[in-house]
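The structure file input-v3.cif is reproduced below (mmCIF, C-alpha atoms).
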```cif
data_my_file
loop_
_atom_site.label_atom_id
_atom_site.label_comp_id
_atom_site.auth_asym_id
_atom_site.auth_seq_id
_atom_site.Cartn_x
_atom_site.Cartn_y
_atom_site.Cartn_z
CA MET A 16 -20.13 -27.60 -19.86
CA SER A 17 -20.09 -23.96 -21.00
CA VAL A 18 -17.95 -21.38 -19.25
CA THR A 19 -19.74 -19.45 -16.50
CA ARG A 20 -18.63 -15.88 -15.88
CA ILE A 21 -18.54 -14.70 -12.27
CA PRO A 22 -18.17 -10.95 -11.64
CA THR A 23 -15.60 -10.79 -8.82
CA GLY A 24 -14.34 -7.79 -6.87
CA TYR A 25 -10.98 -7.10 -5.27
CA VAL A 26 -8.90 -4.30 -3.78
CA PRO A 27 -5.37 -3.84 -5.23
CA LEU A 28 -3.30 -5.72 -2.65
CA THR A 29 -0.85 -8.59 -2.75
CA ASP A 30 -3.38 -10.82 -1.02
CA ALA A 31 -5.75 -10.50 -3.99
CA ALA A 32 -3.32 -12.96 -5.60
CA PRO A 33 -5.53 -16.09 -5.36
CA LEU A 34 -8.31 -14.46 -7.38
CA ILE A 35 -5.92 -13.02 -9.95
CA ALA A 36 -3.88 -16.23 -10.23
CA ALA A 37 -7.03 -18.34 -10.56
CA GLN A 38 -7.98 -16.36 -13.64
CA GLU A 39 -4.55 -15.75 -15.16
CA MET A 40 -3.08 -19.21 -14.58
CA GLY A 41 -6.11 -21.16 -15.78
CA PHE A 42 -7.32 -22.61 -12.48
CA ALA A 43 -10.73 -21.01 -12.98
CA ALA A 44 -10.84 -22.31 -16.56
CA GLU A 45 -10.24 -25.85 -15.27
CA GLU A 46 -13.58 -25.49 -13.48
CA LYS A 47 -15.23 -23.92 -16.56
CA LEU A 48 -15.26 -20.52 -14.86
CA ALA A 49 -14.13 -17.08 -15.93
CA LEU A 50 -13.58 -14.54 -13.17
CA GLU A 51 -14.47 -11.04 -14.35
CA LEU A 52 -12.19 -9.11 -12.01
CA HIS A 53 -13.34 -5.64 -10.93
CA ARG A 54 -10.92 -3.45 -8.98
CA ALA A 55 -12.49 -1.43 -6.16
CA PRO A 56 -10.93 1.74 -4.65
CA SER A 57 -11.89 0.95 -1.04
CA TRP A 58 -13.35 -1.74 1.18
CA SER A 59 -16.60 0.13 1.69
CA SER A 60 -17.17 0.36 -2.05
CA LEU A 61 -16.34 -3.33 -2.53
CA ARG A 62 -18.70 -4.35 0.27
CA ASP A 63 -21.49 -2.39 -1.37
CA MET A 64 -20.67 -3.80 -4.83
CA LEU A 65 -21.16 -7.27 -3.40
CA ALA A 66 -24.23 -6.47 -1.30
CA PHE A 67 -26.05 -4.80 -4.22
CA GLY A 68 -25.20 -7.49 -6.77
CA GLN A 69 -22.66 -5.62 -8.92
CA VAL A 70 -20.35 -8.57 -8.28
CA ASP A 71 -21.22 -12.09 -7.13
CA ALA A 72 -18.01 -12.82 -5.23
CA ALA A 73 -15.36 -10.65 -3.64
CA GLN A 74 -12.11 -10.58 -1.77
CA MET A 75 -13.18 -9.28 1.64
CA LEU A 76 -11.71 -8.29 4.97
CA ALA A 77 -12.39 -11.25 7.25
CA PRO A 78 -14.43 -9.27 9.83
CA VAL A 79 -16.79 -7.62 7.32
CA PRO A 80 -19.22 -10.56 6.81
CA ILE A 81 -19.24 -11.14 10.58
CA ALA A 82 -19.94 -7.48 11.29
CA ALA A 83 -22.80 -7.65 8.79
CA ALA A 84 -24.28 -10.67 10.58
CA LEU A 85 -24.07 -8.78 13.88
CA GLY A 86 -25.86 -5.75 12.44
CA LEU A 87 -22.75 -3.57 12.31
CA GLY A 88 -21.48 -1.44 9.45
CA GLY A 89 -24.63 -0.99 7.44
CA ALA A 90 -24.25 -3.95 5.06
CA SER A 91 -27.56 -4.48 3.28
CA ALA A 92 -27.29 -8.22 2.61
CA PRO A 93 -26.18 -11.27 4.63
CA LEU A 94 -22.76 -12.48 3.48
CA SER A 95 -21.18 -15.94 3.63
CA VAL A 96 -17.48 -16.81 3.64
CA LEU A 97 -16.60 -19.68 1.29
CA SER A 98 -12.86 -19.83 1.98
CA VAL A 99 -9.97 -17.93 3.49
CA LEU A 100 -7.95 -16.34 0.69
CA SER A 101 -4.91 -15.35 2.76
CA VAL A 102 -3.46 -15.67 6.22
CA ASN A 103 -1.50 -12.69 7.59
CA GLY A 104 0.16 -10.34 5.07
CA THR A 105 -0.12 -7.00 6.89
CA VAL A 106 2.54 -4.62 8.21
CA ILE A 107 2.57 -1.94 10.88
CA GLY A 108 4.58 1.13 9.89
CA VAL A 109 5.42 4.50 11.38
CA SER A 110 6.17 7.88 9.85
CA SER A 111 9.80 8.70 9.14
CA SER A 112 9.79 11.39 11.84
CA LEU A 113 8.38 8.99 14.41
CA ALA A 114 10.89 6.35 13.31
CA ARG A 115 13.74 8.77 14.00
CA LYS A 116 12.42 9.43 17.51
CA MET A 117 12.17 5.70 18.16
CA ALA A 118 15.66 5.04 16.81
CA ASP A 119 17.11 7.87 18.89
CA ALA A 120 15.55 6.24 21.96
CA GLY A 121 17.30 2.97 21.12
CA HIS A 122 14.72 0.96 19.19
CA GLY A 123 16.43 -1.32 16.68
CA PHE A 124 13.53 -2.16 14.33
CA SER A 125 14.05 -5.90 14.68
CA PHE A 126 10.65 -6.44 13.01
CA ASP A 127 9.84 -9.43 15.22
CA ASP A 128 9.27 -8.21 18.80
CA PRO A 129 5.73 -6.92 19.45
CA LEU A 130 6.45 -6.02 23.08
CA SER A 131 9.48 -3.80 22.49
CA ALA A 132 7.97 -2.37 19.30
CA GLY A 133 4.74 -1.48 21.09
CA SER A 134 6.51 0.12 24.04
CA ALA A 135 8.72 2.15 21.72
CA LEU A 136 5.75 3.27 19.62
CA ILE A 137 3.74 4.43 22.62
CA ALA A 138 6.71 6.21 24.17
CA ALA A 139 7.57 8.07 20.96
CA GLY A 140 4.03 8.68 19.73
CA GLY A 141 2.51 10.00 22.92
CA PRO A 142 -1.16 10.20 23.84
CA SER A 143 -2.29 11.69 20.52
CA LEU A 144 -0.97 8.91 18.29
CA ARG A 145 -3.03 8.51 15.10
CA ILE A 146 -3.00 5.10 13.37
CA GLY A 147 -4.50 4.46 9.95
CA VAL A 148 -6.32 1.24 9.06
CA PRO A 149 -8.12 0.40 5.81
CA PHE A 150 -11.57 -0.15 7.37
CA PRO A 151 -13.20 -0.12 10.81
CA PHE A 152 -14.16 -3.80 10.48
CA SER A 153 -10.81 -5.32 9.56
CA MET A 154 -8.16 -7.59 10.99
CA HIS A 155 -5.93 -4.51 10.94
CA ALA A 156 -8.20 -2.82 13.49
CA GLU A 157 -8.75 -6.01 15.50
CA LEU A 158 -5.06 -6.88 15.74
CA LEU A 159 -4.06 -3.30 16.59
CA THR A 160 -6.68 -3.07 19.32
CA TYR A 161 -5.72 -6.47 20.74
CA TRP A 162 -2.00 -5.57 20.64
CA LEU A 163 -2.34 -2.15 22.25
CA LYS A 164 -4.61 -3.48 24.96
CA GLY A 165 -2.20 -6.32 25.64
CA LEU A 166 0.69 -3.93 26.17
CA GLY A 167 -0.78 -2.97 29.54
CA ALA A 168 -2.04 -0.03 31.53
CA ASP A 169 0.46 2.43 30.09
CA THR A 170 -1.29 2.40 26.72
CA PRO A 171 -2.60 5.96 26.13
CA PRO A 172 -6.41 5.93 26.03
CA GLY A 173 -6.46 8.70 23.43
CA ILE A 174 -4.85 6.71 20.61
CA GLY A 175 -6.98 7.28 17.53
CA ILE A 176 -7.59 4.66 14.83
CA ARG A 177 -8.61 6.26 11.53
CA THR A 178 -9.88 4.81 8.26
CA VAL A 179 -7.67 5.27 5.18
CA PRO A 180 -8.18 3.18 1.99
CA PRO A 181 -5.05 1.11 1.22
CA PRO A 182 -4.03 2.98 -1.97
CA LEU A 183 -4.15 6.28 -0.02
CA MET A 184 -2.11 5.12 2.98
CA VAL A 185 1.27 6.26 1.63
CA GLU A 186 0.00 9.78 0.93
CA ALA A 187 -1.72 9.96 4.32
CA ILE A 188 1.46 9.24 6.25
CA ARG A 189 3.59 11.42 3.98
CA CYS A 190 1.27 14.38 4.53
CA GLY A 191 1.15 13.91 8.30
CA GLU A 192 -2.53 12.94 8.46
CA ILE A 193 -1.54 9.83 10.44
CA ASP A 194 1.52 8.87 12.51
CA ALA A 195 1.40 5.12 11.89
CA PHE A 196 -0.57 2.54 9.95
CA CYS A 197 -1.49 -1.10 9.66
CA VAL A 198 -2.03 -2.05 6.02
CA GLY A 199 -1.73 -4.96 3.63
CA GLU A 200 1.24 -5.21 1.35
CA PRO A 201 2.57 -3.81 -0.91
CA TRP A 202 1.48 -0.42 0.45
CA GLY A 203 3.76 -0.56 3.51
CA SER A 204 6.79 -1.36 1.38
CA LEU A 205 5.85 1.41 -1.04
CA ALA A 206 5.79 3.89 1.86
CA VAL A 207 9.31 2.81 2.81
CA GLU A 208 10.48 3.02 -0.80
CA GLN A 209 9.24 6.60 -1.01
CA GLY A 210 10.97 7.57 2.24
CA ALA A 211 7.72 8.23 4.10
CA SER A 212 7.84 5.40 6.62
CA ALA A 213 9.70 2.64 8.42
CA LEU A 214 8.15 -0.76 9.06
CA LEU A 215 7.80 -1.68 12.70
CA LEU A 216 6.16 -5.09 12.80
CA PRO A 217 4.39 -7.69 10.63
CA GLY A 218 0.83 -8.42 11.66
CA ARG A 219 1.74 -12.07 12.16
CA ALA A 220 3.84 -11.04 15.18
CA ILE A 221 0.53 -10.29 16.95
CA TRP A 222 -1.34 -13.41 15.78
CA SER A 223 0.78 -15.82 13.79
CA PHE A 224 -2.09 -17.38 11.81
CA ALA A 225 -4.74 -14.69 11.47
CA PRO A 226 -7.35 -14.98 8.68
CA GLU A 227 -6.77 -11.78 6.73
CA LYS A 228 -8.84 -11.86 3.53
CA VAL A 229 -11.71 -14.18 2.68
CA LEU A 230 -13.84 -15.01 -0.32
CA ALA A 231 -17.30 -13.62 0.42
CA VAL A 232 -20.56 -14.02 -1.45
CA ARG A 233 -24.16 -13.07 -0.75
CA SER A 234 -25.71 -15.81 1.33
CA THR A 235 -28.66 -16.05 -1.07
CA TRP A 236 -26.22 -16.60 -3.96
CA ALA A 237 -24.40 -19.34 -2.03
CA ASP A 238 -27.70 -21.12 -1.39
CA ALA A 239 -28.89 -20.83 -5.00
CA GLU A 240 -25.60 -21.66 -6.77
CA SER A 241 -24.16 -24.65 -4.95
CA GLY A 242 -22.48 -25.98 -8.10
CA LEU A 243 -20.76 -22.68 -8.84
CA VAL A 244 -19.75 -22.39 -5.19
CA SER A 245 -17.94 -25.73 -5.30
CA ARG A 246 -16.20 -24.93 -8.58
CA LEU A 247 -15.08 -21.54 -7.30
CA ILE A 248 -13.67 -23.00 -4.08
CA ARG A 249 -11.72 -25.63 -6.01
CA ALA A 250 -10.27 -23.05 -8.42
CA LEU A 251 -9.08 -20.88 -5.54
CA TRP A 252 -7.63 -23.87 -3.69
CA ARG A 253 -5.48 -24.65 -6.74
CA ALA A 254 -4.45 -21.00 -7.04
CA GLY A 255 -3.40 -20.95 -3.38
CA ARG A 256 -1.35 -24.11 -3.83
CA TRP A 257 0.42 -22.57 -6.83
CA LEU A 258 1.14 -19.35 -4.95
CA ALA A 259 2.62 -21.30 -2.02
CA ASN A 260 5.32 -22.77 -4.28
CA PRO A 261 8.48 -20.61 -3.96
CA ALA A 262 9.11 -21.19 -7.67
CA SER A 263 5.93 -19.26 -8.46
CA ARG A 264 6.88 -16.03 -6.69
CA GLY A 265 8.56 -14.24 -9.57
CA LEU A 266 5.77 -14.92 -12.05
CA ALA A 267 3.10 -14.15 -9.44
CA ALA A 268 4.69 -10.78 -8.73
CA GLU A 269 4.89 -9.99 -12.45
CA ILE A 270 1.21 -10.86 -12.95
CA LEU A 271 0.12 -8.77 -9.96
CA SER A 272 2.23 -5.82 -11.11
CA ALA A 273 0.23 -5.40 -14.33
CA ARG A 274 -1.51 -2.07 -14.81
CA ARG A 275 -4.96 -3.66 -14.67
CA TYR A 276 -4.19 -5.17 -11.24
CA LEU A 277 -1.85 -3.48 -8.72
CA ASP A 278 0.08 -1.29 -11.21
CA LEU A 279 3.21 -1.32 -9.02
CA PRO A 280 6.76 -2.65 -9.50
CA ALA A 281 7.04 -6.42 -9.27
CA GLU A 282 10.07 -6.10 -6.97
CA ILE A 283 7.97 -4.29 -4.35
CA ILE A 284 5.21 -6.89 -4.60
CA GLU A 285 7.63 -9.81 -4.32
CA ARG A 286 8.80 -8.68 -0.87
CA ALA A 287 5.60 -9.95 0.72
CA LEU A 288 5.66 -13.21 -1.23
CA SER A 289 9.25 -13.95 -0.18
CA GLY A 290 9.13 -12.45 3.33
CA THR A 291 12.26 -10.40 2.63
CA PHE A 292 11.64 -6.79 3.61
CA THR A 293 13.40 -3.46 3.46
CA VAL A 294 12.07 -1.92 6.68
CA THR A 295 13.69 1.53 6.61
CA PRO A 296 14.44 4.04 3.85
CA GLN A 297 18.12 3.54 4.75
CA GLY A 298 17.90 -0.06 3.50
CA LEU A 299 17.72 -2.12 6.71
CA GLN A 300 16.73 -5.69 5.71
CA ARG A 301 14.64 -8.15 7.71
CA GLU A 302 13.48 -11.70 6.98
CA THR A 303 9.95 -12.79 7.95
CA PRO A 304 9.33 -16.42 6.98
CA GLY A 305 5.65 -17.14 6.49
CA PHE A 306 4.76 -13.47 6.18
CA ILE A 307 1.73 -14.35 4.08
CA GLY A 308 0.04 -17.72 3.60
CA PHE A 309 -2.21 -18.94 0.81
CA HIS A 310 -2.18 -22.72 1.22
CA ASP A 311 0.02 -24.43 3.82
CA GLY A 312 -1.50 -25.51 7.11
CA ALA A 313 -5.04 -25.66 5.69
CA ALA A 314 -4.83 -21.88 5.20
CA GLY A 315 -7.94 -21.79 3.03
CA PHE A 316 -10.19 -23.62 5.49
CA PRO A 317 -12.82 -21.24 6.97
CA TRP A 318 -12.60 -22.23 10.63
CA ARG A 319 -15.67 -21.22 12.61
CA SER A 320 -13.38 -20.57 15.58
CA GLN A 321 -11.68 -17.83 13.55
CA ALA A 322 -15.04 -16.20 12.93
CA GLN A 323 -15.91 -16.50 16.60
CA TRP A 324 -12.67 -14.88 17.75
CA ILE A 325 -13.45 -11.93 15.49
CA ALA A 326 -17.03 -11.81 16.76
CA GLY A 327 -15.82 -11.73 20.36
CA GLN A 328 -13.61 -8.72 19.63
CA LEU A 329 -16.41 -6.90 17.80
CA ALA A 330 -18.88 -7.64 20.60
CA GLN A 331 -16.53 -6.29 23.23
CA ARG A 332 -15.91 -3.03 21.36
CA ASN A 333 -19.53 -2.46 20.33
CA GLY A 334 -21.36 -3.44 23.51
CA LEU A 335 -22.97 -6.60 22.08
CA ASN A 336 -23.86 -9.78 23.91
CA ARG A 337 -20.73 -11.89 23.54
CA ARG A 338 -22.33 -15.34 23.62
CA ALA A 339 -24.96 -14.37 21.06
CA ALA A 340 -22.29 -12.85 18.83
CA LEU A 341 -20.21 -16.04 18.91
CA GLU A 342 -23.23 -18.16 18.03
CA THR A 343 -24.15 -15.89 15.11
CA ALA A 344 -20.60 -15.75 13.74
CA GLY A 345 -20.23 -19.52 13.67
CA SER A 346 -22.61 -19.79 10.73
CA VAL A 347 -20.86 -17.11 8.61
CA PHE A 348 -17.67 -19.08 7.85
CA ARG A 349 -19.08 -21.89 5.69
CA SER A 350 -16.75 -24.79 6.44
CA ASP A 351 -19.56 -27.10 5.29
CA LEU A 352 -19.47 -25.70 1.75
CA TYR A 353 -15.66 -25.71 1.66
CA ARG A 354 -15.56 -29.34 2.77
CA ALA A 355 -18.25 -30.39 0.29
CA ALA A 356 -16.37 -28.73 -2.59
CA LEU A 357 -13.08 -30.51 -1.89
CA ARG A 358 -14.24 -33.86 -0.55
CA GLY A 359 -13.23 -36.66 -2.90
CA THR A 360 -10.44 -34.65 -4.55
CA GLY A 361 -7.65 -35.99 -2.35
CA VAL A 362 -7.28 -32.69 -0.53
CA GLU A 363 -6.39 -33.05 3.16
CA LEU A 364 -9.32 -31.61 5.12
CA PRO A 365 -9.68 -31.02 8.85
CA GLY A 366 -12.38 -33.13 10.43
CA ALA A 367 -13.42 -30.39 12.86
CA THR A 368 -14.89 -26.96 12.15
CA SER A 369 -13.35 -25.26 15.21
CA LYS A 370 -10.07 -25.40 17.09
CA PRO A 371 -8.44 -23.54 19.97
CA GLU A 372 -6.98 -20.40 18.37
CA GLY A 373 -3.53 -19.50 19.65
CA ALA A 374 -2.85 -22.95 21.06
CA PHE A 375 -0.15 -24.18 18.70
CA GLY A 376 3.41 -23.06 19.42
CA ALA A 377 4.69 -25.21 16.56
CA PRO A 378 3.17 -26.96 13.54
CA GLN A 379 0.68 -29.59 14.70
CA MET A 380 -1.20 -32.57 13.37
CA PHE A 381 -4.93 -32.11 13.86
CA GLY A 382 -7.66 -34.67 13.26
CA GLY A 383 -8.63 -34.87 9.60
CA GLU A 384 -11.59 -36.54 7.94
CA SER A 385 -9.55 -39.64 7.17
CA GLU A 386 -6.18 -38.83 8.72
CA SER A 387 -4.45 -36.06 10.59
CA ALA A 388 -4.23 -32.66 8.89
CA GLY A 389 -1.15 -30.49 9.31
CA LEU A 390 -1.70 -27.07 10.89
CA MET A 391 0.78 -24.22 11.19
CA HIS A 392 2.17 -22.32 14.17
CA ASN A 393 -0.78 -20.46 15.73
CA ARG A 394 0.05 -18.13 18.61
CA PHE A 395 -1.05 -14.76 19.98
CA PHE A 396 1.79 -12.50 21.09
CA ASP A 397 0.55 -12.52 24.71
CA GLY A 398 0.23 -16.29 24.91
CA ARG A 399 -3.54 -16.31 25.32
CA VAL A 400 -5.69 -19.06 23.84
CA PHE A 401 -9.20 -18.59 22.50
CA ASP A 402 -11.25 -21.76 22.85
CA PRO A 403 -14.80 -21.22 21.51
CA LEU A 404 -16.04 -24.17 23.54
CA ALA A 405 -14.87 -22.52 26.75
CA ALA A 406 -15.61 -18.89 25.80
CA ASP A 407 -17.90 -16.92 28.09
#
```

Turn this file's structure into structure tokens for me.
Amino acid sequence: MSVTRIPTGYVPLTDAAPLIAAQEMGFAAEEKLALELHRAPSWSSLRDMLAFGQVDAAQMLAPVPIAAALGLGGASAPLSVLSVLSVNGTVIGVSSSLARKMADAGHGFSFDDPLSAGSALIAAGGPSLRIGVPFPFSMHAELLTYWLKGLGADTPPGIGIRTVPPPLMVEAIRCGEIDAFCVGEPWGSLAVEQGASALLLPGRAIWSFAPEKVLAVRSTWADAESGLVSRLIRALWRAGRWLANPASRGLAAEILSARRYLDLPAEIIERALSGTFTVTPQGLQRETPGFIGFHDGAAGFPWRSQAQWIAGQLAQRNGLNRRAALETAGSVFRSDLYRAALRGTGVELPGATSKPEGAFGAPQMFGGESESAGLMHNRFFDGRVFDPLAAD
């Protein structure tokens, strides 16, 4: 079998690691694939690169293919999600001046308490708080909106969420264009390193097992290239397994730090991989086990219930019919293709395509195709559970 080249897009973030590792560590080659990796400056440009055929596969914000299916955001082609590339991996940070106000008011930057962090942020930021996110249709925006709403009636209605591409987030907060941000690593850590910000909370404190980035392709390409689809899914599954091994962290950070990829110090990149963070410019350290996931707990499985949770949030904010949105979203995360690619390989696969999101306060065994599959802690900060079978 000859090697097939697949033009593949990504944005320079730590959670692009499965694509980069698949190519650099030979997992793509095992499937007779070569990933031609193209770095994009923003999520809008990457979405358009994929939609218009400049690349055939792309790292993508989990809500983007769902928004496209719902007619939001102007995507010009239907997109399908083949696998989840990463779970969690985002941070919420505040400007250094806002951090001082919060510290003076007694906030201790514990980095694990979404209720106290949210109350302190709202009290210090006031009604004109401006928060940067990388894209309107992103888990950053969805988690922020869910968190702020869940904090209660005292949340200022004038809080503004603004779009800032990840590589520009540090400059935006340094120049005072925004007061806070939610962004994927390593850009939050870089803002701390440059004295522009303090980190307030990891995204996983809002939803402990949120699908952050996915592998997206044009739906027509998925239908026409079933063999390539299966080979690509298997290569990325192996890359995720390698990344989940603590012994791989140092080498993974070195690979990602290369000029052609993230072009940032490996030490900054490794913070996300290890979950060991410097959260203030003064050197305050915090540990966040499971900050980012690539493999454990069936992390790569594209649960339709994840897509439906996202669709429900988008429908609520954009005035869409909720039930119709949930039905449409269920077909975007292609658990059928993921299962077909890995069946017969010995990989533990869930037997279901949906599950109650937020229902697991501890790791659980969930029905697999032949035996139970292990799932990770899955909780929303407010204790709510999203069950697509019971959703309105």

Mind running stretch 211-311 of chain A against stretch 24-29 of chain A at 12 Å and telling me each contacting residue's nearest atom pair with the distance in Å (one decimal), counting only C-alpha atoms, chain and number ascending, as a tab-separated table?
```
residue	atom	partner	partner_atom	distance
A:Glu227	CA	A:Thr29	CA	11.6
A:Lys228	CA	A:Tyr25	CA	10.2
A:Val229	CA	A:Tyr25	CA	10.7
A:Leu230	CA	A:Tyr25	CA	9.8
A:Ala231	CA	A:Gly24	CA	9.8
A:Val232	CA	A:Gly24	CA	10.3
A:Leu258	CA	A:Thr29	CA	11.2
A:Arg264	CA	A:Thr29	CA	11.4
A:Ala267	CA	A:Thr29	CA	9.6
A:Ala268	CA	A:Thr29	CA	8.4
A:Glu269	CA	A:Thr29	CA	11.4
A:Ile270	CA	A:Thr29	CA	10.7
A:Leu271	CA	A:Thr29	CA	7.3
A:Ser272	CA	A:Thr29	CA	9.3
A:Ala273	CA	A:Pro27	CA	10.8
A:Arg274	CA	A:Pro27	CA	10.5
A:Arg275	CA	A:Pro27	CA	9.5
A:Tyr276	CA	A:Pro27	CA	6.3
A:Leu277	CA	A:Pro27	CA	5.0
A:Asp278	CA	A:Pro27	CA	8.5
A:Leu279	CA	A:Pro27	CA	9.7
A:Pro280	CA	A:Thr29	CA	11.8
A:Ala281	CA	A:Thr29	CA	10.5
A:Glu282	CA	A:Thr29	CA	12.0
A:Ile283	CA	A:Thr29	CA	9.9
A:Ile284	CA	A:Thr29	CA	6.6
A:Glu285	CA	A:Thr29	CA	8.7
A:Arg286	CA	A:Thr29	CA	9.8
A:Ala287	CA	A:Thr29	CA	7.4
A:Leu288	CA	A:Thr29	CA	8.1
A:Ser289	CA	A:Thr29	CA	11.7
A:Phe306	CA	A:Thr29	CA	11.6
A:Ile307	CA	A:Thr29	CA	9.3
A:Gly308	CA	A:Thr29	CA	11.2
A:Phe309	CA	A:Thr29	CA	11.0
```

Can you list, as a short mmCIF file (atom, residue, chain, number, x, y, z; two decimals) with C-alpha atoms, keeping the file's coordinate frame, the residues that the PyMOL selection byres ((chain A and resi 142) around 7) selects here?
```
data_model
loop_
_atom_site.label_atom_id
_atom_site.label_comp_id
_atom_site.auth_asym_id
_atom_site.auth_seq_id
_atom_site.Cartn_x
_atom_site.Cartn_y
_atom_site.Cartn_z
CA GLY A 140 4.03 8.68 19.73
CA GLY A 141 2.51 10.00 22.92
CA SER A 143 -2.29 11.69 20.52
CA LEU A 144 -0.97 8.91 18.29
CA PRO A 171 -2.60 5.96 26.13
CA GLY A 173 -6.46 8.70 23.43
CA ILE A 174 -4.85 6.71 20.61
#
```

Give me, as a tab-separated table, each residue of stretch 77-174 of chain A that comes within 8 Å of stretch 190-203 of chain A, together with its shortest interatomic pair and the distance in Å at one decimal, counting only C-alpha atoms, with rows ordered by chain and rising residue number.
```
residue	atom	partner	partner_atom	distance
A:Gly104	CA	A:Gly199	CA	5.9
A:Thr105	CA	A:Gly199	CA	4.2
A:Val106	CA	A:Cys197	CA	5.5
A:Ile107	CA	A:Cys197	CA	4.3
A:Gly108	CA	A:Phe196	CA	5.3
A:Val109	CA	A:Ala195	CA	4.1
A:Ser110	CA	A:Asp194	CA	5.4
A:Leu113	CA	A:Asp194	CA	7.1
A:Gly140	CA	A:Asp194	CA	7.6
A:Leu144	CA	A:Asp194	CA	6.3
A:Arg145	CA	A:Ile193	CA	5.1
A:Ile146	CA	A:Ala195	CA	4.6
A:Gly147	CA	A:Phe196	CA	4.4
A:Val148	CA	A:Cys197	CA	5.4
A:Pro149	CA	A:Val198	CA	6.6
A:His155	CA	A:Cys197	CA	5.7
A:Ala156	CA	A:Cys197	CA	7.9
A:Leu159	CA	A:Cys197	CA	7.7
```

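Comparing A:Gly398, A:Gly133, A:Gly373, A:Gly210 by their smallest distance to A:Ala225, the closest is A:Gly373 (using only C-alpha atoms).
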
Nearest to A:Glu208: which of A:Val96, A:Leu34, A:Val294, A:Leu251 is it, counting all atoms listed in the file?
A:Val294

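The space between atom CA of A:His310 and atom CA of A:Ile248 spans 12.7 Å.
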
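What the PyMOL selection byres ((chain A and resi 119-125) around 10) picks from this file is A:Leu113, A:Ala114, A:Arg115, A:Lys116, A:Met117, A:Ala118, A:Phe126, A:Asp127, A:Asp128, A:Pro129, A:Ser131, A:Ala132, A:Ser134, A:Ala135, A:Leu136, A:Ala138, A:Ala139, A:Ala213, A:Leu214, A:Leu215, A:Leu216, A:Val294, A:Thr295, A:Leu299, A:Gln300, A:Arg301, A:Glu302.
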
Point out the residue among A:Ser320, A:Ser153, A:Thr360, A:Thr235 with the least atom-to-atom distance to A:Glu372, counting only C-alpha atoms.
A:Ser320

Which protein, DNA or RNA residues are at most 10 Å from (-2.0, -23.1, -7.5) in the file's coordinates when you count only C-alpha atoms, listed as JSON, numbers by chain?
{"A": [33, 36, 37, 40, 41, 42, 250, 251, 252, 253, 254, 255, 256, 257, 258, 259, 260, 263, 309, 310]}

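Pairwise distance (atom CA of A:Val99, atom CA of A:Phe316) equals 6.0 Å.
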
As a check of understanding, name the residues that the PyMOL selection byres ((chain A and resi 345) around 12) selects in the supplied structure, as a PyMOL selection string.
chain A and resi 80-81+84-85+95-96+317-327+338-344+346-351+368-369+403-404

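Interatomic distance, atom CA of A:Phe395 to atom CA of A:Thr293: 24.7 Å.
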
Find the residues near A:Ser91: any atom within 10 Å, counting all atoms listed in the file, skip ones fewer than 5 places away on the same chain, and give them as a PyMOL selection string.
chain A and resi 62-63+65-67+83+86

Using only C-alpha atoms, find the one residue out of A:Val102, A:Ala262, A:Ile188, A:Ala374 that sits nearest to A:Gly312.
A:Val102

Fewer than 4 positions away in the same chain doesn't count, so skip those; otherwise give me all residues within 10 Å of A:Arg246, counting all atoms listed in the file, as a ChimeraX atom specification.
/A:42-48,241-242,250-252,356-357

Produce a table with one row for each residue of stretch 22-132 of chain A that has an atom at most 8 Å from any atom of stretch 177-187 of chain A, each row naming the nearest atom pair and its distance in Å at one decimal; use all atoms listed in the file; arrange rows by chain and rising residue number; format as JSON lines.
```
{"residue": "A:Pro27", "atom": "CA", "partner": "A:Pro182", "partner_atom": "CA", "distance": 7.7}
{"residue": "A:Pro56", "atom": "CA", "partner": "A:Pro180", "partner_atom": "CA", "distance": 7.3}
{"residue": "A:Ser57", "atom": "CA", "partner": "A:Pro180", "partner_atom": "CA", "distance": 5.3}
{"residue": "A:Trp58", "atom": "CA", "partner": "A:Pro180", "partner_atom": "CA", "distance": 7.2}
```

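Checking A:Asp397, A:Asp238, A:Glu157, A:Glu39 one by one against A:Leu266, counting all atoms listed in the file, you find the shortest gap at A:Glu39.
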
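For the set A:Leu352, A:Ile221, A:Ala31, A:Met154, the residue with the smallest atom-to-atom gap to A:Ser234 is A:Leu352, counting all atoms listed in the file.
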